[in-house]
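Below is input_19.cif, which holds mmCIF, C-alpha atoms.
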data_entry
#
loop_
_atom_site.label_atom_id
_atom_site.label_comp_id
_atom_site.auth_asym_id
_atom_site.auth_seq_id
_atom_site.Cartn_x
_atom_site.Cartn_y
_atom_site.Cartn_z
CA MET A 1 -131.95 -33.95 -15.80
CA GLN A 2 -134.57 -35.00 -18.31
CA TYR A 3 -137.78 -33.11 -19.08
CA THR A 4 -141.21 -34.06 -20.40
CA LYS A 5 -144.66 -32.63 -21.09
CA LEU A 6 -147.08 -32.87 -18.18
CA GLY A 7 -149.96 -34.85 -19.67
CA ASN A 8 -152.17 -32.79 -21.98
CA SER A 9 -150.70 -29.49 -20.80
CA GLU A 10 -147.99 -27.29 -22.31
CA LEU A 11 -145.91 -27.50 -19.12
CA LYS A 12 -142.41 -28.88 -19.64
CA VAL A 13 -141.37 -30.39 -16.31
CA SER A 14 -138.33 -32.15 -14.90
CA ARG A 15 -138.74 -35.92 -14.47
CA ILE A 16 -138.26 -35.35 -10.74
CA CYS A 17 -140.70 -33.15 -8.85
CA MET A 18 -139.40 -31.78 -5.54
CA GLY A 19 -141.97 -32.44 -2.82
CA CYS A 20 -142.06 -29.60 -0.30
CA MET A 21 -144.03 -31.19 2.55
CA GLY A 22 -140.75 -31.35 4.49
CA PHE A 23 -140.41 -27.55 4.41
CA GLY A 24 -142.15 -25.23 6.84
CA ASP A 25 -142.42 -24.10 10.43
CA ALA A 26 -142.85 -27.25 12.53
CA LYS A 27 -144.73 -25.23 15.16
CA ASN A 28 -147.46 -24.58 12.60
CA GLY A 29 -147.87 -28.09 11.28
CA GLN A 30 -148.40 -31.74 12.07
CA HIS A 31 -144.82 -32.86 11.39
CA SER A 32 -141.93 -32.44 13.83
CA TRP A 33 -139.26 -33.27 11.24
CA THR A 34 -139.78 -30.34 8.85
CA LEU A 35 -136.97 -27.94 7.94
CA ASP A 36 -136.67 -24.29 8.84
CA GLU A 37 -136.48 -21.71 6.07
CA GLU A 38 -132.69 -21.50 5.86
CA HIS A 39 -132.26 -25.25 5.28
CA SER A 40 -135.30 -25.41 2.99
CA ARG A 41 -133.77 -22.72 0.78
CA GLU A 42 -130.49 -24.65 0.53
CA ILE A 43 -132.28 -27.74 -0.76
CA ILE A 44 -134.49 -25.79 -3.18
CA ARG A 45 -131.43 -24.02 -4.60
CA HIS A 46 -129.54 -27.29 -4.94
CA GLY A 47 -132.50 -28.86 -6.70
CA LEU A 48 -132.51 -26.00 -9.20
CA GLU A 49 -128.76 -26.49 -9.75
CA LEU A 50 -129.45 -30.16 -10.56
CA GLY A 51 -132.08 -29.20 -13.14
CA VAL A 52 -135.26 -29.66 -11.08
CA ASN A 53 -137.87 -27.16 -12.27
CA PHE A 54 -141.03 -28.80 -10.83
CA PHE A 55 -142.01 -28.07 -7.22
CA ASP A 56 -145.02 -29.37 -5.30
CA THR A 57 -146.43 -27.85 -2.11
CA ALA A 58 -149.86 -27.35 -0.50
CA ILE A 59 -151.76 -24.84 1.58
CA GLY A 60 -152.15 -27.58 4.19
CA TYR A 61 -148.41 -28.08 4.73
CA GLN A 62 -147.37 -26.43 7.99
CA SER A 63 -150.18 -23.86 7.91
CA GLY A 64 -149.04 -22.41 4.59
CA THR A 65 -145.42 -21.88 5.65
CA SER A 66 -144.23 -24.47 3.12
CA GLU A 67 -145.75 -22.31 0.37
CA GLN A 68 -144.12 -19.22 1.89
CA TYR A 69 -140.65 -20.80 2.07
CA LEU A 70 -140.89 -22.11 -1.50
CA GLY A 71 -142.17 -18.85 -2.91
CA ARG A 72 -139.45 -16.74 -1.34
CA ALA A 73 -136.71 -19.16 -2.42
CA LEU A 74 -137.88 -19.32 -6.03
CA ARG A 75 -138.13 -15.54 -6.24
CA ASP A 76 -134.47 -15.34 -5.20
CA PHE A 77 -133.09 -18.25 -7.21
CA ALA A 78 -135.06 -18.70 -10.46
CA PRO A 79 -136.99 -16.72 -13.10
CA ARG A 80 -140.71 -17.34 -12.58
CA ASP A 81 -141.27 -18.57 -16.13
CA GLN A 82 -138.58 -21.23 -15.79
CA VAL A 83 -140.19 -23.15 -12.92
CA THR A 84 -143.42 -25.10 -12.59
CA VAL A 85 -145.14 -24.55 -9.25
CA ALA A 86 -147.90 -26.83 -8.04
CA THR A 87 -149.95 -26.34 -4.90
CA LYS A 88 -153.10 -27.91 -3.53
CA PHE A 89 -156.36 -26.88 -1.91
CA LEU A 90 -158.36 -28.65 0.79
CA PRO A 91 -162.07 -29.51 0.91
CA ARG A 92 -164.53 -27.20 2.60
CA THR A 93 -164.53 -27.33 6.39
CA GLN A 94 -167.66 -28.10 8.37
CA GLN A 95 -167.69 -24.47 9.49
CA GLU A 96 -167.71 -23.28 5.89
CA ILE A 97 -170.52 -25.68 5.05
CA GLN A 98 -172.58 -24.45 8.01
CA GLU A 99 -171.96 -20.84 6.98
CA GLY A 100 -173.17 -21.55 3.45
CA ILE A 101 -169.84 -20.91 1.72
CA THR A 102 -170.07 -22.61 -1.67
CA GLY A 103 -167.43 -24.77 -3.26
CA GLN A 104 -166.65 -22.02 -5.76
CA GLU A 105 -166.26 -19.41 -3.03
CA HIS A 106 -164.04 -21.81 -1.09
CA ILE A 107 -161.77 -22.42 -4.10
CA GLU A 108 -161.47 -18.67 -4.70
CA GLN A 109 -160.45 -18.12 -1.07
CA MET A 110 -158.00 -21.01 -1.17
CA ILE A 111 -156.20 -19.90 -4.34
CA ASN A 112 -156.01 -16.30 -3.16
CA THR A 113 -154.42 -17.42 0.11
CA SER A 114 -151.94 -19.69 -1.68
CA LEU A 115 -150.95 -16.95 -4.12
CA LYS A 116 -150.36 -14.62 -1.19
CA ASN A 117 -148.27 -17.28 0.57
CA LEU A 118 -146.23 -17.94 -2.56
CA GLY A 119 -145.92 -14.28 -3.50
CA MET A 120 -146.99 -15.15 -7.05
CA ASP A 121 -149.63 -13.98 -9.51
CA TYR A 122 -150.45 -17.50 -10.68
CA VAL A 123 -149.64 -21.16 -10.10
CA ASP A 124 -148.88 -23.53 -12.94
CA LEU A 125 -150.75 -26.51 -11.52
CA TYR A 126 -153.55 -26.30 -8.94
CA ILE A 127 -154.37 -29.64 -7.35
CA TYR A 128 -157.63 -30.82 -5.76
CA HIS A 129 -155.93 -32.35 -2.69
CA MET A 130 -158.60 -34.87 -1.69
CA TRP A 131 -162.13 -35.61 -2.83
CA ASP A 132 -164.78 -33.47 -1.13
CA TYR A 133 -167.75 -35.74 -0.58
CA GLU A 134 -169.88 -32.88 0.75
CA THR A 135 -169.55 -30.51 -2.20
CA PRO A 136 -171.19 -31.12 -5.60
CA LEU A 137 -168.68 -32.03 -8.29
CA TYR A 138 -170.15 -29.42 -10.64
CA ASP A 139 -169.41 -26.74 -8.01
CA ILE A 140 -165.78 -27.87 -7.79
CA MET A 141 -165.21 -28.08 -11.55
CA GLU A 142 -166.88 -24.74 -12.28
CA GLY A 143 -164.93 -23.12 -9.46
CA LEU A 144 -161.65 -24.45 -10.85
CA ASN A 145 -162.58 -23.36 -14.36
CA ARG A 146 -163.26 -19.84 -13.14
CA ILE A 147 -159.80 -19.41 -11.61
CA VAL A 148 -158.20 -20.83 -14.78
CA LYS A 149 -160.10 -18.29 -16.87
CA ALA A 150 -159.10 -15.55 -14.41
CA GLY A 151 -155.42 -16.38 -15.01
CA LYS A 152 -154.71 -17.41 -11.44
CA VAL A 153 -154.07 -21.03 -12.48
CA ARG A 154 -152.69 -22.44 -15.73
CA TYR A 155 -153.75 -26.08 -15.33
CA ILE A 156 -155.53 -28.25 -12.78
CA GLY A 157 -154.65 -31.62 -11.26
CA ILE A 158 -156.18 -33.96 -8.73
CA SER A 159 -154.84 -36.07 -5.86
CA ASN A 160 -156.11 -38.92 -3.68
CA CYS A 161 -159.02 -40.06 -5.83
CA TYR A 162 -160.34 -43.20 -7.44
CA ALA A 163 -160.08 -43.75 -11.18
CA TYR A 164 -163.86 -43.53 -11.56
CA GLN A 165 -163.84 -40.12 -9.84
CA LEU A 166 -161.17 -38.75 -12.16
CA ALA A 167 -163.00 -40.11 -15.21
CA LYS A 168 -166.31 -38.68 -14.00
CA ALA A 169 -164.79 -35.25 -13.31
CA ASN A 170 -163.10 -34.99 -16.70
CA ALA A 171 -166.23 -36.20 -18.48
CA LEU A 172 -168.20 -33.42 -16.78
CA ALA A 173 -165.50 -30.89 -17.68
CA GLU A 174 -165.57 -31.97 -21.32
CA LYS A 175 -169.37 -31.76 -21.45
CA GLU A 176 -169.44 -28.25 -19.94
CA GLY A 177 -166.33 -26.87 -21.60
CA PHE A 178 -164.46 -26.59 -18.30
CA ALA A 179 -160.74 -27.10 -17.70
CA LYS A 180 -159.88 -30.78 -17.32
CA PHE A 181 -157.48 -32.45 -14.92
CA VAL A 182 -154.13 -32.96 -16.63
CA SER A 183 -152.42 -34.86 -13.81
CA VAL A 184 -153.10 -37.10 -10.84
CA GLN A 185 -150.98 -37.26 -7.69
CA SER A 186 -151.67 -40.51 -5.91
CA HIS A 187 -149.98 -43.02 -3.59
CA TYR A 188 -147.74 -45.22 -5.76
CA ASN A 189 -144.36 -46.81 -5.21
CA LEU A 190 -142.60 -50.17 -5.33
CA ILE A 191 -144.27 -51.41 -2.12
CA PHE A 192 -147.69 -49.88 -2.83
CA ARG A 193 -148.84 -50.62 -6.37
CA GLU A 194 -152.64 -50.52 -6.12
CA GLU A 195 -152.80 -47.70 -8.69
CA GLU A 196 -151.90 -50.30 -11.33
CA ARG A 197 -155.39 -51.81 -11.06
CA GLU A 198 -157.29 -48.98 -12.79
CA MET A 199 -155.70 -45.53 -12.41
CA LYS A 200 -152.55 -46.27 -14.39
CA LYS A 201 -154.60 -47.65 -17.29
CA LEU A 202 -156.93 -44.64 -17.32
CA CYS A 203 -153.98 -42.24 -17.32
CA ALA A 204 -152.28 -44.06 -20.19
CA GLU A 205 -155.43 -43.97 -22.32
CA ASP A 206 -156.25 -40.30 -21.64
CA ASN A 207 -152.67 -38.96 -21.46
CA ILE A 208 -153.08 -37.84 -17.85
CA ALA A 209 -149.73 -37.39 -16.12
CA MET A 210 -149.01 -39.48 -13.05
CA THR A 211 -146.99 -37.60 -10.41
CA PRO A 212 -147.17 -39.95 -7.41
CA TYR A 213 -146.35 -39.01 -3.85
CA SER A 214 -144.65 -41.21 -1.26
CA SER A 215 -142.36 -42.37 -4.06
CA LEU A 216 -139.84 -43.73 -1.53
CA ALA A 217 -142.48 -44.85 0.98
CA GLY A 218 -141.47 -42.27 3.57
CA GLY A 219 -137.82 -43.31 3.26
CA ARG A 220 -138.41 -47.05 3.54
CA LEU A 221 -137.31 -47.72 -0.03
CA SER A 222 -134.05 -45.82 0.46
CA LYS A 223 -132.79 -47.57 3.62
CA HIS A 224 -131.61 -51.08 4.45
CA PRO A 225 -133.88 -53.06 6.78
CA GLY A 226 -133.10 -51.95 10.33
CA GLU A 227 -131.81 -48.50 9.34
CA THR A 228 -133.74 -45.61 10.84
CA SER A 229 -134.00 -41.83 10.75
CA LYS A 230 -135.85 -39.04 12.51
CA ARG A 231 -138.58 -39.14 9.89
CA LEU A 232 -138.99 -42.90 10.05
CA GLU A 233 -139.30 -42.66 13.82
CA GLU A 234 -141.57 -39.61 14.01
CA ASP A 235 -143.71 -39.63 10.84
CA SER A 236 -146.95 -41.03 12.26
CA TYR A 237 -148.79 -40.70 8.95
CA ALA A 238 -146.20 -42.80 7.13
CA LYS A 239 -146.39 -45.36 9.93
CA LEU A 240 -150.15 -45.49 9.42
CA LYS A 241 -149.59 -46.25 5.73
CA TYR A 242 -146.81 -48.83 6.04
CA ASP A 243 -146.47 -50.44 9.47
CA LYS A 244 -149.21 -53.04 8.97
CA THR A 245 -147.49 -54.47 5.89
CA ALA A 246 -143.90 -54.05 7.07
CA ALA A 247 -143.09 -57.78 6.97
CA GLN A 248 -144.19 -58.35 3.36
CA ASP A 249 -142.73 -55.02 2.23
CA ALA A 250 -139.37 -55.96 3.75
CA VAL A 251 -138.99 -58.73 1.17
CA ILE A 252 -139.06 -56.14 -1.63
CA ILE A 253 -136.89 -53.67 0.29
CA ARG A 254 -134.20 -56.34 0.69
CA ARG A 255 -134.31 -56.93 -3.07
CA VAL A 256 -133.87 -53.20 -3.66
CA ALA A 257 -130.80 -53.25 -1.39
CA LYS A 258 -129.36 -56.31 -3.12
CA LEU A 259 -129.85 -54.85 -6.60
CA ALA A 260 -128.39 -51.50 -5.51
CA GLU A 261 -125.26 -53.26 -4.28
CA LYS A 262 -125.00 -55.23 -7.50
CA ARG A 263 -125.37 -52.12 -9.67
CA GLY A 264 -123.14 -49.95 -7.46
CA VAL A 265 -125.84 -47.33 -6.84
CA THR A 266 -128.05 -46.28 -3.96
CA MET A 267 -131.37 -47.80 -2.98
CA THR A 268 -132.96 -44.44 -3.78
CA GLU A 269 -131.74 -44.69 -7.36
CA ILE A 270 -133.06 -48.24 -7.80
CA SER A 271 -136.48 -47.46 -6.29
CA LEU A 272 -136.96 -44.29 -8.31
CA ALA A 273 -135.61 -45.81 -11.53
CA TRP A 274 -138.34 -48.44 -11.24
CA LEU A 275 -141.01 -45.77 -10.67
CA LEU A 276 -139.71 -43.45 -13.40
CA ALA A 277 -140.33 -46.22 -15.91
CA LYS A 278 -144.03 -46.18 -14.90
CA VAL A 279 -144.96 -42.51 -14.38
CA THR A 280 -144.35 -38.96 -15.63
CA ALA A 281 -142.62 -37.38 -12.64
CA PRO A 282 -142.57 -38.81 -9.10
CA VAL A 283 -142.81 -36.34 -6.23
CA VAL A 284 -139.68 -36.80 -4.12
CA GLY A 285 -139.50 -35.20 -0.69
CA ALA A 286 -136.10 -33.90 0.34
CA THR A 287 -134.89 -32.85 3.77
CA LYS A 288 -131.19 -33.34 2.99
CA GLN A 289 -129.19 -32.40 -0.11
CA ARG A 290 -128.26 -36.02 -0.77
CA HIS A 291 -131.97 -36.85 -1.10
CA ILE A 292 -132.41 -34.66 -4.17
CA GLU A 293 -129.00 -35.71 -5.52
CA GLY A 294 -130.02 -39.38 -5.43
CA ALA A 295 -133.33 -38.57 -7.11
CA ALA A 296 -131.60 -36.66 -9.90
CA LYS A 297 -129.20 -39.56 -10.53
CA ALA A 298 -132.12 -42.00 -10.79
CA VAL A 299 -133.35 -40.28 -13.95
CA ASP A 300 -130.41 -41.72 -15.91
CA LEU A 301 -130.59 -45.24 -14.45
CA ILE A 302 -132.37 -47.79 -16.63
CA LEU A 303 -133.34 -51.15 -15.16
CA THR A 304 -133.47 -54.24 -17.34
CA PRO A 305 -136.77 -56.11 -17.73
CA GLU A 306 -135.27 -58.90 -15.61
CA GLU A 307 -134.39 -56.43 -12.84
CA GLU A 308 -137.87 -54.93 -12.89
CA ALA A 309 -139.41 -58.39 -12.64
CA TYR A 310 -137.09 -59.24 -9.74
CA LEU A 311 -138.29 -56.17 -7.83
CA GLU A 312 -141.96 -56.74 -8.66
CA GLU A 313 -142.54 -60.46 -8.23
CA ALA A 314 -142.72 -60.46 -4.40
CA TYR A 315 -145.52 -57.88 -4.28
CA VAL A 316 -148.86 -58.88 -2.77
CA PRO A 317 -152.04 -56.77 -2.83
CA HIS A 318 -152.36 -54.07 -0.17
CA GLY A 319 -155.42 -52.52 1.37
CA LEU A 320 -156.01 -48.79 0.91
CA VAL A 321 -154.53 -46.62 3.65
CA GLY A 322 -154.39 -42.99 4.74
CA VAL A 323 -156.65 -40.54 2.96
CA MET A 324 -157.77 -43.17 0.45
CA ALA A 325 -158.98 -45.51 3.20
CA GLN A 326 -162.09 -43.38 3.44
CA THR A 327 -164.98 -43.64 1.00
CA THR A 328 -167.30 -41.14 2.70
CA PRO A 329 -166.80 -38.32 5.23
CA ALA A 330 -168.22 -40.57 7.92
CA ALA A 331 -165.70 -43.36 7.38
CA SER A 332 -163.97 -44.41 10.56
CA GLY A 333 -160.25 -44.75 11.03
CA GLU A 334 -157.13 -42.87 12.00
CA GLN A 335 -157.46 -39.10 11.75
CA HIS A 336 -155.07 -36.77 10.00
CA VAL A 337 -155.26 -33.01 10.50
CA TRP A 338 -154.30 -30.49 7.84
CA SER A 339 -154.12 -26.82 8.78
CA THR A 340 -154.11 -23.75 6.54
CA GLY A 341 -153.37 -21.40 9.40
CA SER A 342 -156.89 -20.07 9.75
CA GLN A 343 -158.74 -23.37 9.62
CA LYS A 344 -158.23 -27.06 10.13
CA ILE A 345 -159.72 -30.03 8.35
CA VAL A 346 -159.72 -33.59 9.62
CA ARG A 347 -159.73 -36.56 7.27
CA SER A 348 -159.45 -40.25 8.03
#

Give the structure from this file in structure tokens form.
Amino acid sequence: MQYTKLGNSELKVSRICMGCMGFGDAKNGQHSWTLDEEHSREIIRHGLELGVNFFDTAIGYQSGTSEQYLGRALRDFAPRDQVTVATKFLPRTQQEIQEGITGQEHIEQMINTSLKNLGMDYVDLYIYHMWDYETPLYDIMEGLNRIVKAGKVRYIGISNCYAYQLAKANALAEKEGFAKFVSVQSHYNLIFREEEREMKKLCAEDNIAMTPYSSLAGGRLSKHPGETSKRLEEDSYAKLKYDKTAAQDAVIIRRVAKLAEKRGVTMTEISLAWLLAKVTAPVVGATKQRHIEGAAKAVDLILTPEEEAYLEEAYVPHGLVGVMAQTTPAASGEQHVWSTGSQKIVRS
């Protein structure tokens, strides 16, 4: 495993971040394919054995049970100061808004719940999961700064935002002396490269770490065309993101398969090797031990410039999908429900 600094922070993280959305009680979440605690622990332990020290979860994953599974496993398998734990908080709910709960109060409640779920005194990276269009930015940034100063959070990150929003937030933080975002977790992979328009350039200039999710496109970049799995069949959110462009994406996926055969490696290794050349640490979900094994191997695979060009040249622009398809709370489109156990939030 290789390690690197996470943007402008002092966190030394593995080049692979284990995504924990696949862990948690399926009865308490929106995904039927998640793992129970016993199998989640096996994968977390194996990741640690392979050198992974960076783990990403969220309060919205399976009503907080993903956080609970991760926290208990890490307490049993690793010293706290040798792992980097990231979790995320959701925007205020309509009920909270109606009750007059401020953004700062909401953030305080969210971090306290996550720390309880994780069984930890602090998290290393606390991520603003999606932009809250109904809460003033100043309220969010001051609320985050307060929990950093209180020692509950070491650094802050952001997810699912536009480059202008990240720039605006960090400019406000700099002006007010607040903590700044050191990382961004956005949708970026070989068949969805829209972050290259502006976000990637901003991050390079300001040394903001990119830790993209959906790094294997919900498994699409690790399987030959026609291959399937329980997740591919049942993950409705991934279908929302990729089904409309399946035909054009298949051209690139076939190239991944061809190059993998030529190099004698897996498609996972090819897809992640390409992404590792672009970002700090991709978030890789794992529901089988071979998933994290393939990700770990990808760290040492270097593609030639000609191979990178071969994988890239068939790409055509994609429209924004999922959470990023919305620009305001009133935007229409497919709904996705995240639950923290005590509350639910719906985003297009």

>> Just the number, please: distance in Å from CA of Glu312 in chain A to CA of Tyr162 in chain A, one decimal.
In response: 22.9 Å

> Where does the PyMOL selection byres ((chain A and resi 107) around 8) land in this file, that is, which residues does it pick, as a list in words?
Replying inline: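 The output of the PyMOL selection byres ((chain A and resi 107) around 8) on this file is Phe89, Gly103, Gln104, Glu105, His106, Glu108, Gln109, Met110, Ile111, Ile140, Gly143 and Leu144 of chain A.
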
>> Restricting the calculation to only C-alpha atoms: of A:Trp274, A:Phe54, A:Phe181, A:Trp131, which residue gets closest to Pro305 in chain A?
In response: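 Selected residue with least distance to Pro305 in chain A: A:Trp274.
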
>> Applying 9 Å and all atoms listed in the file, which residues near range 256-262 of chain A remain after dropping the ones on its own chain fewer than 5 positions away? List them as a list in words.
In response: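 With the cut-off at 9 Å, the set is Leu221, Ser222, Lys223, His224, Pro225, Val251, Met267, Thr268, Glu269, Ile270, Ser271, Glu307 and Leu311 of chain A.
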
> Separation of CA of Gly51 in chain A and CA of Met120 in chain A, in Å?
Replying inline: 21.4 Å

> Counting all atoms listed in the file, which of A:Asp132, A:Leu125, A:Thr4, A:Leu115 gets nearest to Leu90 in chain A?
Replying inline: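 For Leu90 in chain A, the nearest of the given residues is A:Asp132.
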
Give as a short mmCIF file (atom, residue, chain, number, x, y, z; two decimals) with C-alpha atoms, keeping the file's coordinate frame the set of residues within 12 Å of the point (-135.5, -24.1, 5.4), where distances use the file's coordinates and only C-alpha atoms.
data_model
loop_
_atom_site.label_atom_id
_atom_site.label_comp_id
_atom_site.auth_asym_id
_atom_site.auth_seq_id
_atom_site.Cartn_x
_atom_site.Cartn_y
_atom_site.Cartn_z
CA CYS A 20 -142.06 -29.60 -0.30
CA MET A 21 -144.03 -31.19 2.55
CA GLY A 22 -140.75 -31.35 4.49
CA PHE A 23 -140.41 -27.55 4.41
CA GLY A 24 -142.15 -25.23 6.84
CA ASP A 25 -142.42 -24.10 10.43
CA ALA A 26 -142.85 -27.25 12.53
CA TRP A 33 -139.26 -33.27 11.24
CA THR A 34 -139.78 -30.34 8.85
CA LEU A 35 -136.97 -27.94 7.94
CA ASP A 36 -136.67 -24.29 8.84
CA GLU A 37 -136.48 -21.71 6.07
CA GLU A 38 -132.69 -21.50 5.86
CA HIS A 39 -132.26 -25.25 5.28
CA SER A 40 -135.30 -25.41 2.99
CA ARG A 41 -133.77 -22.72 0.78
CA GLU A 42 -130.49 -24.65 0.53
CA ILE A 43 -132.28 -27.74 -0.76
CA ILE A 44 -134.49 -25.79 -3.18
CA ARG A 45 -131.43 -24.02 -4.60
CA THR A 65 -145.42 -21.88 5.65
CA SER A 66 -144.23 -24.47 3.12
CA GLU A 67 -145.75 -22.31 0.37
CA GLN A 68 -144.12 -19.22 1.89
CA TYR A 69 -140.65 -20.80 2.07
CA LEU A 70 -140.89 -22.11 -1.50
CA GLY A 71 -142.17 -18.85 -2.91
CA ARG A 72 -139.45 -16.74 -1.34
CA ALA A 73 -136.71 -19.16 -2.42
CA ALA A 286 -136.10 -33.90 0.34
CA THR A 287 -134.89 -32.85 3.77
CA LYS A 288 -131.19 -33.34 2.99
CA GLN A 289 -129.19 -32.40 -0.11
#

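The spacing separating CA of Met18 in chain A from CA of Cys161 in chain A amounts to 21.3 Å.
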
>> Between A:Ala167, A:Ala209, A:Asp300, A:Val321, which residue has the minimum interatomic distance to Val13 in chain A, considering only C-alpha atoms?
In response: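 Of the candidates, the smallest distance to Val13 in chain A is held by A:Ala209.
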
>> Ranking A:Asn207, A:Thr57, A:Asn117, A:Thr266 by minimum distance to Arg290 in chain A and counting all atoms listed in the file, which one comes first?
In response: A:Thr266

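The set of residues that the PyMOL selection byres ((chain A and resi 185) around 8) takes from this file is Gly157, Ile158, Ser159, Asn160, Ser183, Val184, Ser186, His187, Met210, Thr211, Pro212 and Tyr213 of chain A.
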
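For the choices A:Leu202, A:Ile292, A:Leu275, A:Leu172, the atom-to-atom distance to Cys17 in chain A is smallest for A:Ile292 when using only C-alpha atoms.
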
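Proximity ranking of A:Gly218, A:Gly64, A:Gly294, A:Gly285 relative to Phe192 in chain A places A:Gly218 first, based on all atoms listed in the file.
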